[in-house]
Structure formats: structure tokens, C-alpha cells
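> Let me begin by handing over the structure; questions about it come next.
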Amino acid sequence: ASISVPSTMKGIVIDKTGGTEVLQYKTDIPVPELADGQVLIKNDFIGVNFIDTYFRTGLYPAPRFPYILGREGAGTVVRVSPKGPTYGLKEGDRVAWSGEAAYAEYSANAAARTFQLPPAPSSGSAGVVYPRDAAAALLQGLTALTLIREAHPVQKGDWVLVHAAAGGTGLMLCQLLRAVGARTIGTVSTAAKADLARDAGAEHVIQYGDSALKGDEVKAKVHELTGGKGCAAVFDGVGKATFDLSLECVARKGSVVSFGNASGAVPPVNIMRLAAKNCRLLRPTLFNYLVERDEFEPYVAELLGFLASGALKVRVHDVYPLSEVARAHNDLEGRVSTGKLLLDPSK
Ligand code: NDP
């Protein structure tokens with residue numbers, strides 16, 4: 001092995017669920033051993049996703065304690081397991097990856113979910129910066145792509161409603177929907193977020209408030225814009241606060257795609273409510289659209305292609321030192337951030 005790897009590393013560990021106070025920054029975590037079919041990655045950037053907060057609070061149960069949060073990163077392969085399929089990965093490869101235990105300097109991850117990055121495009125082209133932009137785009141970009149292809153295959157000219165349109169996933173959805181020719185209505189909480197959503201491709205942006213009271217106004221606006229028909233698809237990552245609104249804004253025979261719980265989990269639903277529009281209700285997760293290597297590969301290639309062409313631009317809200325992860329979680333949960341939050345494990 002040519003690249004030297006230390007025996008311990010910095011990382012963020014939780015040993016119980018709770019607020020950001022349970023996030024412990026440690027400097028003496030053993031660097032993980034490789035299982036068959038895994039590679040060891042030295043992370044340059046770690047993506048923060050809302051799902052990390054669900055594991056921290058216990059909304060989603062952590063598989064074990066102590067537990068290292070984080071589901072994606074990008075950096076350099078420093079070890080390759082001698083056994084198991086390694087998909088051509090070798091030491092020194094620059095990669096982006098999806099898996100677990102990302103909030104650390106080093107992560108052991110399945111080679112099957114670790115993807116080589118192309119060389120950075122020459123200057124003057126789209127300006128994509130690897131691996132930072134790959135870390136920032138992977139999970140939320142793949143989510144947006146699978147949602148518009150598989151949850152509701154969006155057609156050119158479709159009206160689509162995207163909640164939290166200036167969030168990490170929201171900005172990805174707006175841009176990809178523009179690329180496929182959809183007509184997007186975004187919802188956001190502030191005027192500054194409205195500008196971002198519009199720049200990303202939302203044709204109309206509605207500012208919703210924190211309270212459900214504003215729901216009627218949003219519904220009225222959506223119906224006005226769509227000639228009374230509603231939207232062919234509603235992509236709702238906000239959850240509890242917007243679920244009823246989403247059902248009210250969907251068109252007859254449309255899809256309500258509930259894919260997250262930023263405001264809390266959606267309570268149980270009476271399926272009779274779907275009869276009012278003959279609509280579909282889906283509750284998908286990326287991790288069940290993309291499981292096998294051959295499912296990931298075309299999507300990852302397409303995502304990197306969108307990045308390289310400039311059709312998809314990454315907005316990084318901030319790069320936080322790993323030791324300041326609590327601030328990142330507070331900004332994400334506090335509706336302060338726009339676009340992507342990254343962690344820098346060297347700090
Ligand atoms: P975002 O960057 O979108 O941040 C969340 C946004 O949700 C906020 O900025 C805020 O925007 C909005 N929001 C509305 N109400 C609340 C609330 N009460 N508390 C906090 N935020 C609120 O985060 P992500 O892009 O990481 O994730 C967005 C959603 O997508 C999450 O629910 C996440 O779980 C889900 N997701 C699901 C995946 C899947 O596979 N199913 C994969 C990836 C993400 P505003 O202020 O404009 O309202």
C-alpha cells in the first residue's frame with residue numbers, strides 16, 4: 001500500500017438520540033477495517049442531509065450505538081479490499097460515494113456504491129469542481145433524478161409543485177425539471193429563497209408561511225396558475241406541515257410524492273382521500289430506487305453529465321468544519337440554509 005493511513009481519525013459519534021448536543025466530536029476513532037468488497041476513502045467533503053438529523057433525533061432508528069452519522073462523501077480511495085467486486089477502483093482514485101458513517105476522516109464503503117469521478121473539466125467549461133461538487137450533488141441529485149423519472153415520470157409541459165424549492169433537494173429538482181421541460185411551481189419561506197428557486201428554474205414561486213393558515217392561499221394560487229387543474233406531480237419533502245396542501249394541489253390522476261419529513265412525519269392517511277382525485281400517493285426513498293451497482297451506474301453517469309454540462313449547478317450553502325457539525329444541523333433544521341451543506345473533515 002503506497003498511501004499511508006493512520007490508525008485513528010476524527011469523526012462525529014452519537015451514542016444516544018437527541019438534540020445537537022448528542023453529536024460528539026472525537027479525534028481517536030479507529031480507522032475502519034475493510035470488509036470484502038469495500039474500499040477505504042479519505043474524505044475531502046462530507047454531505048449533510050436531512051436524513052442525518054432523523055437518525056440523530058431517533059425519528060429513524062440508528063442501527064447501533066455508538067453510531068457515526070452521514071450518508072455521503074467524496075475524496076480519494078486509499079485502500080481497496082483484496083476480495084470481492086471492486087469495479088475497477090484503485091488507490092488514488094477520486095470518488096464520490098453513498099453509504100454510511102460519512103461524518104469522519106475515513107469511511108469504509110461498498111465499492112458497489114463508490115463512483116469514480118471524471119477529471120475536472122478544463123477551465124472555461126461548466127466550472128464544476130470535483131470532488132466538492134460531487135459530494136454536494138450526489139445524494140440530493142440522485143434523489144431528484146429518481147423522483148422525476150421513477151416516482152412520477154415527468155413529461156414536458158407538466159405542472160409540478162416542489163415544496164422547499166430552495167433547499168438542497170429542492171434546487172436540484174427545480175433545475176432537473178427545467179431540463180425536462182416541466183413547468184415548476186416552488187414553495188419557499190422567504191423572498192431570498194424565492195429568488196434562488198426562480199434562478200434554478202421554478203416558473204412561479206409561492207412564499208408559504210410557517211402556519212397551516214397560509215395553505216389556502218397556496219392552494220388558490222396553484223389552482224389559478226394551472227387553470228383549475230392542479231399539478232400532475234407534487235414533490236413534498238416537507239412532510240407533516242404540507243401533506244394536506246399537497247393533496248389539495250395535485251391534479252386528477254396526478255401523483256403526490258411524499259419523500260421526507262423536514263417538518264415532522266406525516267400521520268397515518270386514510271386511503272379513501274385519494275379517491276377525490278384518483279391520485280397516486282408514493283412514499284419513496286432513494287435507497288430503494290438505487291440498490292445494485294447496475295441501478296446506480298446510469299443515474300450517476302447522468303448526474304455527472306448534468307454537472308459537467310452546466311445544466312445542473314451546485315449551490316453550496318457553506319462548508320463547515322467537521323468539529324462544527326452541530327451548527328450545520330442547526331442551520332438545516334432551522335430553515336436557515338439554502339442549497340447544500342458540506343463538512344470539511346480536515347478541520
Ligand atoms: P433542505 O435543504 O431542503 O432543508 C429543508 C427545508 O425544508 C428547509 O430549508 C425549509 O425550507 C423546509 N421546511 C419546511 N418546514 C420545515 C420545518 N418545520 N423544519 C425544517 N425545515 C422545514 O433539506 P434536504 O434537501 O436535505 O432534504 C429535503 C427533504 O427531502 C427532507 O425531508 C429529506 O428527508 C428529504 N429527502 C428524502 C430522500 C429520499 O430518498 N426519500 C433523499 C433526500 C432528501 P423553507 O424555509 O423554504 O420552507
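Residue names in the C-alpha cells use chain letters A, B, ... in the order shown, residue numbers from 1 in each chain, and ligand numbers from 1 in the order shown.
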Considering only C-alpha atoms, return as a PyMOL selection string whatever protein or nucleic-acid residues lie within 7 Å of stretch 141-144 of chain A, sequence-local ones (same chain, fewer than 6 positions apart) excluded.
chain A and resi 169+172-173+286+299+303
> Would you mind exporting C-alpha atoms of the selected residues as a PDB file, in the first residue's frame?

ATOM      1  CA  THR A 169     -33.001  18.690  -2.908  1.00  0.00           C
ATOM      2  CA  MET A 172     -31.832  20.033  -7.711  1.00  0.00           C
ATOM      3  CA  LEU A 173     -35.481  19.301  -8.524  1.00  0.00           C
ATOM      4  CA  LEU A 286     -33.585   6.871  -2.866  1.00  0.00           C
ATOM      5  CA  TYR A 299     -28.076   7.508 -12.795  1.00  0.00           C
ATOM      6  CA  LEU A 303     -25.922  13.181 -12.843  1.00  0.00           C
TER       7      LEU A 303
END
> Using only C-alpha atoms and all ligand atoms, I'd like a table of the residues in chain A that come within 6 Å of ligand 1; for each, show the closest atom pair and its distance in Å rounded to one decimal, ordered by chain and ascending number, as a Markdown table.

| residue | atom | partner | partner_atom_place_in_ligand_line | distance |
| --- | --- | --- | --- | --- |
| A:Asn49 | CA | ligand 1 | 26 (O) | 4.0 |
| A:Phe50 | CA | ligand 1 | 26 (O) | 4.0 |
| A:Ile51 | CA | ligand 1 | 34 (O) | 4.9 |
| A:Gln140 | CA | ligand 1 | 43 (C) | 5.2 |
| A:Thr143 | CA | ligand 1 | 42 (C) | 5.2 |
| A:Ala164 | CA | ligand 1 | 11 (O) | 4.2 |
| A:Ala166 | CA | ligand 1 | 47 (O) | 5.9 |
| A:Gly167 | CA | ligand 1 | 2 (O) | 3.3 |
| A:Gly168 | CA | ligand 1 | 25 (O) | 3.7 |
| A:Thr169 | CA | ligand 1 | 25 (O) | 3.7 |
| A:Gly170 | CA | ligand 1 | 3 (O) | 5.8 |
| A:Val188 | CA | ligand 1 | 47 (O) | 3.4 |
| A:Ser189 | CA | ligand 1 | 47 (O) | 4.1 |
| A:Gly237 | CA | ligand 1 | 29 (C) | 4.0 |
| A:Val238 | CA | ligand 1 | 14 (C) | 5.0 |
| A:Phe259 | CA | ligand 1 | 41 (N) | 4.1 |
| A:Gly260 | CA | ligand 1 | 32 (O) | 3.2 |
| A:Asn261 | CA | ligand 1 | 32 (O) | 4.1 |
| A:Ala262 | CA | ligand 1 | 32 (O) | 4.1 |
| A:Ser263 | CA | ligand 1 | 18 (N) | 3.4 |
| A:Pro284 | CA | ligand 1 | 41 (N) | 5.3 |
| A:Thr285 | CA | ligand 1 | 40 (O) | 3.3 |
| A:Leu286 | CA | ligand 1 | 40 (O) | 3.6 |
| A:Leu332 | CA | ligand 1 | 4 (O) | 5.5 |
| A:Glu333 | CA | ligand 1 | 20 (C) | 4.5 |
| A:Gly334 | CA | ligand 1 | 20 (C) | 5.6 |
| A:Arg335 | CA | ligand 1 | 9 (O) | 4.0 |
| A:Ser337 | CA | ligand 1 | 9 (O) | 5.7 |
| A:Thr338 | CA | ligand 1 | 2 (O) | 5.8 |
| A:Gly339 | CA | ligand 1 | 2 (O) | 5.6 |
> Going by DSSP on the backbone, which bits of stretch 225-334 of chain A are helix (DSSP H, G or I)? Write them as a VMD selection string, please.
chain A and resid 225 243 to 249 271 to 276 286 to 289 293 to 309 322 to 333
> Emit the selected residues as a PDB file, in the first residue's frame, including C-alpha atoms.

ATOM      1  CA  LEU A 225     -51.753  29.067 -12.294  1.00  0.00           C
ATOM      2  CA  PHE A 243     -49.198  16.946   3.295  1.00  0.00           C
ATOM      3  CA  ASP A 244     -52.835  18.105   3.199  1.00  0.00           C
ATOM      4  CA  LEU A 245     -51.880  21.007   0.955  1.00  0.00           C
ATOM      5  CA  SER A 246     -50.144  18.619  -1.426  1.00  0.00           C
ATOM      6  CA  LEU A 247     -53.298  16.502  -1.758  1.00  0.00           C
ATOM      7  CA  GLU A 248     -55.245  19.689  -2.484  1.00  0.00           C
ATOM      8  CA  CYS A 249     -52.801  20.853  -5.150  1.00  0.00           C
ATOM      9  CA  ILE A 271     -56.618   5.969   1.574  1.00  0.00           C
ATOM     10  CA  MET A 272     -60.189   6.984   0.792  1.00  0.00           C
ATOM     11  CA  ARG A 273     -58.828  10.512   0.442  1.00  0.00           C
ATOM     12  CA  LEU A 274     -57.122   9.501  -2.791  1.00  0.00           C
ATOM     13  CA  ALA A 275     -60.482   8.887  -4.459  1.00  0.00           C
ATOM     14  CA  ALA A 276     -61.186  12.622  -4.581  1.00  0.00           C
ATOM     15  CA  LEU A 286     -33.585   6.871  -2.866  1.00  0.00           C
ATOM     16  CA  PHE A 287     -32.111   3.850  -1.124  1.00  0.00           C
ATOM     17  CA  ASN A 288     -34.786   1.599  -2.589  1.00  0.00           C
ATOM     18  CA  TYR A 289     -34.590   3.013  -6.119  1.00  0.00           C
ATOM     19  CA  ARG A 293     -24.410  -1.267  -8.879  1.00  0.00           C
ATOM     20  CA  ASP A 294     -26.188  -1.565 -12.220  1.00  0.00           C
ATOM     21  CA  GLU A 295     -29.043   0.562 -10.870  1.00  0.00           C
ATOM     22  CA  PHE A 296     -26.687   3.295  -9.656  1.00  0.00           C
ATOM     23  CA  GLU A 297     -24.405   3.468 -12.672  1.00  0.00           C
ATOM     24  CA  PRO A 298     -26.697   5.015 -15.294  1.00  0.00           C
ATOM     25  CA  TYR A 299     -28.076   7.508 -12.795  1.00  0.00           C
ATOM     26  CA  VAL A 300     -24.631   8.522 -11.530  1.00  0.00           C
ATOM     27  CA  ALA A 301     -23.376   8.891 -15.098  1.00  0.00           C
ATOM     28  CA  GLU A 302     -26.356  11.060 -15.965  1.00  0.00           C
ATOM     29  CA  LEU A 303     -25.922  13.181 -12.843  1.00  0.00           C
ATOM     30  CA  LEU A 304     -22.223  13.755 -13.547  1.00  0.00           C
ATOM     31  CA  GLY A 305     -23.161  14.567 -17.135  1.00  0.00           C
ATOM     32  CA  PHE A 306     -25.642  17.209 -15.968  1.00  0.00           C
ATOM     33  CA  LEU A 307     -22.933  18.684 -13.739  1.00  0.00           C
ATOM     34  CA  ALA A 308     -20.297  18.701 -16.446  1.00  0.00           C
ATOM     35  CA  SER A 309     -22.647  20.321 -18.972  1.00  0.00           C
ATOM     36  CA  LEU A 322     -16.405  18.730  10.942  1.00  0.00           C
ATOM     37  CA  SER A 323     -15.994  19.852  14.551  1.00  0.00           C
ATOM     38  CA  GLU A 324     -18.832  22.365  13.994  1.00  0.00           C
ATOM     39  CA  VAL A 325     -21.356  19.817  12.756  1.00  0.00           C
ATOM     40  CA  ALA A 326     -23.892  20.985  15.359  1.00  0.00           C
ATOM     41  CA  ARG A 327     -24.008  24.371  13.666  1.00  0.00           C
ATOM     42  CA  ALA A 328     -24.681  22.681  10.334  1.00  0.00           C
ATOM     43  CA  HIS A 329     -27.557  20.656  11.807  1.00  0.00           C
ATOM     44  CA  ASN A 330     -28.979  23.783  13.446  1.00  0.00           C
ATOM     45  CA  ASP A 331     -28.874  25.686  10.165  1.00  0.00           C
ATOM     46  CA  LEU A 332     -30.531  22.849   8.253  1.00  0.00           C
ATOM     47  CA  GLU A 333     -33.254  22.182  10.820  1.00  0.00           C
TER      48      GLU A 333
END
> At a cut-off of 10 Å, can you tabulate as a Markdown table every residue of stretch 307-333 of chain A near stretch 198-209 of chain A together with its closest atom pair and the distance in Å to one decimal, using only C-alpha atoms and ordering rows by chain then number?

| residue | atom | partner | partner_atom | distance |
| --- | --- | --- | --- | --- |
| A:Ala311 | CA | A:Ala200 | CA | 9.9 |
| A:Leu312 | CA | A:Ala200 | CA | 8.8 |
| A:Lys313 | CA | A:Ala200 | CA | 8.5 |
| A:Arg315 | CA | A:Ala200 | CA | 9.9 |
> With only C-alpha atoms as the atoms that count, which of A:Lys219, A:Arg149, A:Arg113, A:Ala135 lies nearest to A:Glu292?
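Of A:Lys219, A:Arg149, A:Arg113, A:Ala135, the one nearest A:Glu292 is A:Arg113, counting only C-alpha atoms.
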> Name the closest residue to A:Ala151 among the candidates A:Ala136, A:Val316, A:Val222, A:Leu282; distances are taken between atoms, counting only C-alpha atoms.
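Ranked by minimum distance to A:Ala151, first place goes to A:Leu282.
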> For A:Phe45, find every residue with an atom within 7 Å (counting only C-alpha atoms), except residues of its own chain fewer than 5 positions away, and show them as a list of chain:residue names.
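My list of contacting residues is A:Gly73, A:Ala74, A:Gly75, A:Arg132, A:Ala135, A:Leu342, A:Leu343, A:Asp344, A:Pro345.
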